[in-house]
Amino acid sequence: MPLRRILTGLHRAWTAALVLALVLATGALAATSPAAAAGTTLKAAAEANGRYFGTALEGGDLGAPGETAVAAAQFDMLTPANEMKWDTIEPSPGAYNFGPGDRIVQFAKSHGMRVRGHNLVWQNQLPSWAANLPLNQVRSAMESHITAEATHYKGQVYAWDVINEPFNGDGSYVQDVFYRAMGEGYFADALRTAHAADPGAKLYINDYNIEGVNAKSDALYRLARSLLAQGVPLGGIGLESHFVLGQVPADLQANIQRFANLGLDVAVTELDDRIQLPASGAALQQQAADYAAVVKACTAVSRCVGVSQWGVDDAHSWIPGTFPGTGAATMYDGNDQPKPAYYAALSALGGSTPGGGGSTTGALRAVGAGKCLDVPNASTTAGTQVQIYSCWGGTNQTWTRTSAGELSVYDGGSRMCLDASGQGAANGTKVVVWSCNGQANQQWHLNADGTVTGAQSGLCLDVSGTSTADGALVQLWTCGGGRNQQWTLG
Ligand code: G3I
């Protein structure tokens with residue numbers, strides 16, 4: 001082996017040993033201790049609150065790598081979007097098809113997620129043979145369906161949406177085949193049948209537009225109280241929570257609380273928050289506030305067991321197909337990058353992004369561009385304006401967040417700090433590297449919403465022109481919620 005390589009190897013080994021010793025001595029490993037790491041994903045932050053954070057997937061989504069990676073990394077509860085509905089499970093009388101549902105359950109199991117079963121009795125996605133049954137045959141068909149499905153998934157689902165969407169907006173019952181055949185009695189019958197098949201599953205009634213106190217949620221409240229008084233095994237209420245931007249009801253928490261006071265669990269089961277397209281930066285900020293409000297309303301009530309979003313990302317959401325002109329309704333954009341709503345939900349759970357605290361080293365990724373904060377040509381000249389560039393892991397793209405709030409680059413004598421040039425606080429101020437001097441224009445806040453703000457200026461680290469090109473320069477600009485102001489460290 002040539003002497004130079006041996007020396008380089010020795011040097012590397014010594015450097016590694018030295019770094020390890022320093023890290024141990026300073027306790028910098030605390031940033032990756034279990035307690036700190038517990039809050040860096042939605043599921044970890046939710047679990048730290050004794051709750052879950054769920055999502056929904058369709059069978060077809062299982063082949064989407066970006067979407068499934070986010071599902072596995074961030075969520076610990078999974079709802080099959082369609083695969084456990086009557087039309088899939090029992091397309092013709094007594095002929096059961098569990099394969100699609102089983103595949104969702106398998107995905108959940110292999111990623112440590114629990115499953116919300118959805119759903120057993122619903123007027124939609126109900127095959128025509130069932131919808132058109134003579135009324136005197138409906139009860140036995142319903143009981144057979146529930147028994148077969150709940151038995152098949154016994155022990156594998158945490159909860160069942162036993163009855164889905166039974167109310168009209170005015171609080172009257174949907175006149176579906178179940179109601180026409182059995183009247184209000186079908187609720188108790190369906191719940192008792194499900195309980196007999198799988199006594200371990202929490203049994204829910206799930207509906208939309210019942211998130212606030214209104215005629216529909218009042219009707220459900222009366223029904224729930226009456227079922228409980230009869231000893232029916234109702235265990236929970238699912239608030240679907242398909243919201244319109246800015247319209248999360250102010251009394252959401254109070255409404256959750258009144259159901260909880262009946263002795264029921266409550267879950268947010270299908271959260272999304274639709275935006276008029278194209279989504280503006282301000283809209284994404286409002287969406288972040290909406291998501292935070294929902295999470296906080298849930299965590300404020302001890303019987304609110306968890307929040308599930310309907311789908312993982314904007315590319316696979318049902319919203320654009322059903323409400324044309326609207327979309328961007330989830331916490332992840334079409335490229336599976338987290339949006340402000342993600343950071344807001346995480347923060348509302350008391351979590352933070354890996355870059356949010358402690359000493360962290362790694363790439364500072366410009367989320368909108370999918371590139372990394374980079375010192376051009378690995379320059380060590382003070383005043384060199386930083387840029388974004390394709391991530392390659394070089395030392396000129398490796399940033400360390402220090403406990404003093406600096407973002408430093410390079411090691412040893414070459415160490416430099418990210419710096420608001422000339423202590424500028426105006427839009428367009430260049431962001432440069434400079435020798436570290438501890439001043440406020442070298443201190444940065446890594447915020448829960450994904451922005452990085454200058455401690456002195458309050459302005460956001462911003463890729464100029466919303467460019468995604470290699471070499472696009474980085475500056476300070478008023479925070480506007482744009483994707484060119486979103487960063488992740490580590
Ligand atoms: O798979 C077929 C495809 O082969 C066909 O070409 C295409 C043509 O439209 O349809 C595809 O099926 C669609 C299916 O989703 C799978 O993507 C159906 O048209 C479509 O109607 C169906 O929509 C589902 C919807 O429930 C129907 O009620 C959504 O995926 C599903 O997310 C949605 O979920 C409901 C909850 O169960 C209850 N609460 C509301 C929520 C949103 O609507």
# chains A, B, ... in the order shown; residues from 1 in each chain; ligands from 1

$ residues_around --residues "Ile205 (chain A)" --least-positions-apart "5" --cutoff "8 Å" --atoms "only C-alpha atoms" --output "number ranges by chain"
A: 161-165, 234, 236-238

$ write_last_selection --atoms "N, CA and C atoms" --output "PDB file, in the first residue's frame"
ATOM      1  N   ASP A 161     -64.828   0.995  11.474  1.00  0.00           N
ATOM      2  CA  ASP A 161     -65.936   1.885  11.175  1.00  0.00           C
ATOM      3  C   ASP A 161     -67.082   0.953  10.824  1.00  0.00           C
ATOM      4  N   VAL A 162     -67.906   0.659  11.816  1.00  0.00           N
ATOM      5  CA  VAL A 162     -68.975  -0.329  11.587  1.00  0.00           C
ATOM      6  C   VAL A 162     -70.048   0.296  10.702  1.00  0.00           C
ATOM      7  N   ILE A 163     -70.441   1.493  11.064  1.00  0.00           N
ATOM      8  CA  ILE A 163     -71.442   2.196  10.244  1.00  0.00           C
ATOM      9  C   ILE A 163     -70.819   3.497   9.758  1.00  0.00           C
ATOM     10  N   ASN A 164     -70.907   3.698   8.449  1.00  0.00           N
ATOM     11  CA  ASN A 164     -70.285   4.860   7.835  1.00  0.00           C
ATOM     12  C   ASN A 164     -71.347   5.806   7.288  1.00  0.00           C
ATOM     13  N   GLU A 165     -71.224   7.068   7.647  1.00  0.00           N
ATOM     14  CA  GLU A 165     -72.009   8.156   7.057  1.00  0.00           C
ATOM     15  C   GLU A 165     -73.518   7.897   7.055  1.00  0.00           C
ATOM     16  N   LEU A 234     -70.918   0.296  21.305  1.00  0.00           N
ATOM     17  CA  LEU A 234     -70.334   1.404  20.547  1.00  0.00           C
ATOM     18  C   LEU A 234     -69.106   1.883  21.305  1.00  0.00           C
ATOM     19  N   GLY A 236     -66.586   4.216  19.737  1.00  0.00           N
ATOM     20  CA  GLY A 236     -65.988   5.480  19.330  1.00  0.00           C
ATOM     21  C   GLY A 236     -66.756   6.190  18.228  1.00  0.00           C
ATOM     22  N   ILE A 237     -66.387   7.449  18.067  1.00  0.00           N
ATOM     23  CA  ILE A 237     -66.962   8.298  17.031  1.00  0.00           C
ATOM     24  C   ILE A 237     -65.831   8.773  16.126  1.00  0.00           C
ATOM     25  N   GLY A 238     -66.010   8.580  14.832  1.00  0.00           N
ATOM     26  CA  GLY A 238     -65.014   9.033  13.866  1.00  0.00           C
ATOM     27  C   GLY A 238     -65.456  10.331  13.211  1.00  0.00           C
TER      28      GLY A 238
END

$ closest_atom_pairs --of "region 151-268 of chain A" --to "region 96-101 of chain A" --cutoff "12 Å" --atoms "only C-alpha atoms" --output "Markdown table"
| residue | atom | partner | partner_atom | distance |
| --- | --- | --- | --- | --- |
| A:Thr151 | CA | A:Phe98 | CA | 11.5 |
| A:His152 | CA | A:Phe98 | CA | 8.1 |
| A:Tyr153 | CA | A:Gly101 | CA | 9.2 |
| A:Gln156 | CA | A:Gly101 | CA | 11.1 |
| A:Val157 | CA | A:Gly101 | CA | 11.1 |

$ write_last_selection --atoms "C-alpha atoms" --output "PDB file, in the first residue's frame"
ATOM      1  CA  THR A 151     -64.037 -12.617  11.642  1.00  0.00           C
ATOM      2  CA  HIS A 152     -61.531 -12.643   8.795  1.00  0.00           C
ATOM      3  CA  TYR A 153     -59.764  -9.597  10.215  1.00  0.00           C
ATOM      4  CA  GLN A 156     -55.787  -7.552  12.955  1.00  0.00           C
ATOM      5  CA  VAL A 157     -57.747  -4.322  13.158  1.00  0.00           C
TER       6      VAL A 157
END

$ residues_around --residues "Trp399 (chain A)" --least-positions-apart "4" --cutoff "8 Å" --atoms "only C-alpha atoms" --output "PyMOL selection string"
chain A and resi 361-364+407-410+489

$ write_last_selection --atoms "C-alpha atoms" --output "mmCIF file, in the first residue's frame"
data_model
loop_
_atom_site.group_PDB
_atom_site.id
_atom_site.type_symbol
_atom_site.label_atom_id
_atom_site.label_comp_id
_atom_site.auth_asym_id
_atom_site.auth_seq_id
_atom_site.Cartn_x
_atom_site.Cartn_y
_atom_site.Cartn_z
ATOM 1 C CA THR A 361 -24.795 17.900 11.137
ATOM 2 C CA GLY A 362 -25.789 17.174 7.580
ATOM 3 C CA ALA A 363 -27.070 18.628 4.375
ATOM 4 C CA LEU A 364 -29.387 21.614 4.531
ATOM 5 C CA LEU A 407 -24.946 27.042 10.888
ATOM 6 C CA SER A 408 -21.296 26.318 10.281
ATOM 7 C CA VAL A 409 -19.482 24.702 7.417
ATOM 8 C CA TYR A 410 -16.017 23.090 7.203
ATOM 9 C CA LEU A 489 -31.263 19.701 8.037
#

$ residues_near_ligand --ligand "ligand 1" --cutoff "10 Å" --atoms "only C-alpha atoms and all ligand atoms" --output "PyMOL selection string"
chain A and resi 56-61+79-85+118-119+122-126+161+164-165+206-208+239-242+269-272+310-311+316-319+321-322

$ select_by_dssp --residues "region 402-437 of chain A" --states "strand (DSSP E)" --output "PyMOL selection string"
chain A and resi 407-409+416-420+431-435

$ residues_around --residues "Trp477 (chain A)" --least-positions-apart "3" --cutoff "10 Å" --atoms "only C-alpha atoms" --output "list in words"
Ala425, Ala426, Asn427, Gly428, Thr429, Lys430, Thr453, Gly454, Ser457, Gly458, Leu459, Cys460, Leu461, Asp462, Val463, Ser464, Val474, Gly480 and Gln485 of chain A

$ residues_around --residues "region 39-43 of chain A" --least-positions-apart "4" --cutoff "8 Å" --atoms "only C-alpha atoms" --output "mmCIF file with C-alpha atoms, in the first residue's frame"
data_model
loop_
_atom_site.group_PDB
_atom_site.id
_atom_site.type_symbol
_atom_site.label_atom_id
_atom_site.label_comp_id
_atom_site.auth_asym_id
_atom_site.auth_seq_id
_atom_site.Cartn_x
_atom_site.Cartn_y
_atom_site.Cartn_z
ATOM 1 C CA ALA A 35 -36.115 11.041 23.931
ATOM 2 C CA GLU A 47 -46.960 8.311 20.404
ATOM 3 C CA ALA A 48 -45.185 10.595 22.845
ATOM 4 C CA TYR A 52 -51.358 7.670 16.805
ATOM 5 C CA PHE A 53 -51.018 9.478 13.496
ATOM 6 C CA GLY A 54 -52.551 7.577 10.637
ATOM 7 C CA ALA A 73 -41.751 6.581 8.045
ATOM 8 C CA GLN A 74 -44.372 8.964 9.386
ATOM 9 C CA PHE A 75 -47.563 7.081 10.180
ATOM 10 C CA ASP A 76 -48.416 4.312 12.627
ATOM 11 C CA ALA A 345 -48.844 19.205 12.855
ATOM 12 C CA LEU A 346 -45.516 17.924 14.116
ATOM 13 C CA LEU A 349 -47.622 17.417 18.885
ATOM 14 C CA GLY A 350 -44.540 18.811 20.567
ATOM 15 C CA GLY A 351 -42.242 17.297 17.966
ATOM 16 C CA SER A 352 -39.666 18.974 15.795
ATOM 17 C CA THR A 353 -37.689 18.277 12.675
ATOM 18 C CA PRO A 354 -34.269 16.708 13.161
#

$ closest_residue --among "A:Ile89, A:Leu277, A:Val177, A:Leu252" --to "Ala130 (chain A)" --atoms "only C-alpha atoms"
A:Val177

$ atom_distance --atom1 "CA of Asn49 (chain A)" --atom2 "CA of Gly306 (chain A)"
9.5 Å

$ residues_around --residues "Lys371 (chain A)" --least-positions-apart "2" --cutoff "6 Å" --atoms "only C-alpha atoms" --output "PyMOL selection string"
chain A and resi 365-366+369+388-391

$ residues_around --residues "Asn437 (chain A)" --least-positions-apart "5" --cutoff "10 Å" --atoms "only C-alpha atoms" --output "ChimeraX atom specification"
/A:406,416-417,419,442

$ select_by_dssp --residues "region 57-116 of chain A" --states "helix (DSSP H, G or I)" --output "VMD selection string"
chain A and resid 59 to 63 65 to 74 86 to 89 99 to 110

$ closest_residue --among "A:Ala254, A:Ala297, A:Thr326, A:Ser302" --to "Gln276 (chain A)" --atoms "only C-alpha atoms"
A:Thr326
